Amino acid sequence: MVTIHFEDDHSTIEVKANQSLTDICDEYPNSLLFGCRDAACGTCLIEVTSGIENISPVTENERDMLDVMAEDNPRARLACQCVVLGDIRMRALK
Ligand code: FES
């Protein structure tokens, strides 16, 4: 099991590792918003405040969007592209 903490609403959930963040967020109440779920809209932009090494590598499409939306933030990710491998803490970036 891994722990995910949502800084925005101070909620914490425990889930099985190696699940996509979209599947997790569909199943558990949380503070994240999704749009396209395909690295195209940026709605799900987050900052991983702890445990960024515990998320799957950035995809090419995700990198293109991050370069536009958060080029100066190495902790930024698109939640819809993330598979959770270990404990993380995050907050929405709006
Ligand atoms: S939901 Fe559109 S980029 Fe993630």
# chains A, B, ... in the order shown; residues from 1 in each chain; ligands from 1
$ residues_near_ligand --ligand "ligand 1" --cutoff "6 Å" --atoms "only C-alpha atoms and all ligand atoms" --output "PyMOL selection string"
chain A and resi 34-44+78-80
$ write_last_selection --atoms "C-alpha atoms" --output "PDB file, in the first residue's frame"
ATOM      1  CA  PHE A  34      -9.520  16.293 -14.559  1.00  0.00           C
ATOM      2  CA  GLY A  35     -10.475  17.287 -18.085  1.00  0.00           C
ATOM      3  CA  CYS A  36      -9.130  15.470 -21.144  1.00  0.00           C
ATOM      4  CA  ARG A  37      -7.162  12.807 -19.222  1.00  0.00           C
ATOM      5  CA  ASP A  38      -4.764  12.765 -22.167  1.00  0.00           C
ATOM      6  CA  ALA A  39      -2.065  15.367 -21.366  1.00  0.00           C
ATOM      7  CA  ALA A  40      -3.779  17.909 -23.607  1.00  0.00           C
ATOM      8  CA  CYS A  41      -5.682  20.396 -21.424  1.00  0.00           C
ATOM      9  CA  GLY A  42      -3.603  21.020 -18.291  1.00  0.00           C
ATOM     10  CA  THR A  43      -6.592  20.906 -15.928  1.00  0.00           C
ATOM     11  CA  CYS A  44      -4.913  18.287 -13.745  1.00  0.00           C
ATOM     12  CA  LEU A  78      -0.012  16.185 -14.994  1.00  0.00           C
ATOM     13  CA  ALA A  79      -1.966  13.984 -12.622  1.00  0.00           C
ATOM     14  CA  CYS A  80      -3.680  12.191 -15.526  1.00  0.00           C
TER      15      CYS A  80
END
$ residues_around --residues "Thr3 (chain A)" --least-positions-apart "5" --cutoff "8 Å" --atoms "only C-alpha atoms" --output "list in words"
Thr12, Ile13, Glu14, Val15, Gly86, Asp87 and Ile88 of chain A
$ atom_distance --atom1 "CA of Asn18 (chain A)" --atom2 "CA of Val58 (chain A)"
15.0 Å
$ closest_residue --among "A:Asp67, A:Ala92, A:Leu85, A:Leu21" --to "Met1 (chain A)" --atoms "only C-alpha atoms"
A:Leu85
$ closest_residue --among "A:Ala70, A:Ala76, A:Leu93, A:Met65" --to "Ser50 (chain A)" --atoms "only C-alpha atoms"
A:Ala76
$ closest_residue --among "A:Ile46, A:Tyr28, A:Glu53, A:Thr22" --to "Asp8 (chain A)" --atoms "only C-alpha atoms"
A:Ile46
$ closest_residue --among "A:Val68, A:Glu62, A:Asn54, A:Asn30" --to "His5 (chain A)" --atoms "only C-alpha atoms"
A:Asn30
$ select_by_dssp --residues "chain A" --states "helix (DSSP H, G or I)" --output "ChimeraX atom specification"
/A:21-27,52-54,60-69,79-81
$ write_last_selection --atoms "C-alpha atoms" --output "mmCIF file, in the first residue's frame"
data_model
loop_
_atom_site.group_PDB
_atom_site.id
_atom_site.type_symbol
_atom_site.label_atom_id
_atom_site.label_comp_id
_atom_site.auth_asym_id
_atom_site.auth_seq_id
_atom_site.Cartn_x
_atom_site.Cartn_y
_atom_site.Cartn_z
ATOM 1 C CA LEU A 21 -3.809 8.610 -10.346
ATOM 2 C CA THR A 22 -6.915 8.971 -12.484
ATOM 3 C CA ASP A 23 -8.175 5.529 -11.424
ATOM 4 C CA ILE A 24 -7.389 6.359 -7.793
ATOM 5 C CA CYS A 25 -9.156 9.715 -7.972
ATOM 6 C CA ASP A 26 -12.183 8.130 -9.629
ATOM 7 C CA GLU A 27 -12.476 5.744 -6.717
ATOM 8 C CA ILE A 52 8.143 12.887 -6.876
ATOM 9 C CA GLU A 53 10.527 9.953 -7.351
ATOM 10 C CA ASN A 54 7.567 7.695 -6.518
ATOM 11 C CA GLU A 60 6.641 12.879 -24.105
ATOM 12 C CA ASN A 61 3.166 14.435 -24.397
ATOM 13 C CA GLU A 62 3.228 15.356 -20.713
ATOM 14 C CA ARG A 63 6.650 17.019 -21.132
ATOM 15 C CA ASP A 64 5.321 19.149 -23.967
ATOM 16 C CA MET A 65 2.450 20.406 -21.782
ATOM 17 C CA LEU A 66 4.647 20.919 -18.702
ATOM 18 C CA ASP A 67 7.103 22.969 -20.767
ATOM 19 C CA VAL A 68 4.252 25.361 -21.541
ATOM 20 C CA MET A 69 2.470 25.397 -18.176
ATOM 21 C CA ALA A 79 -1.966 13.984 -12.622
ATOM 22 C CA CYS A 80 -3.680 12.191 -15.526
ATOM 23 C CA GLN A 81 -0.310 10.839 -16.693
#
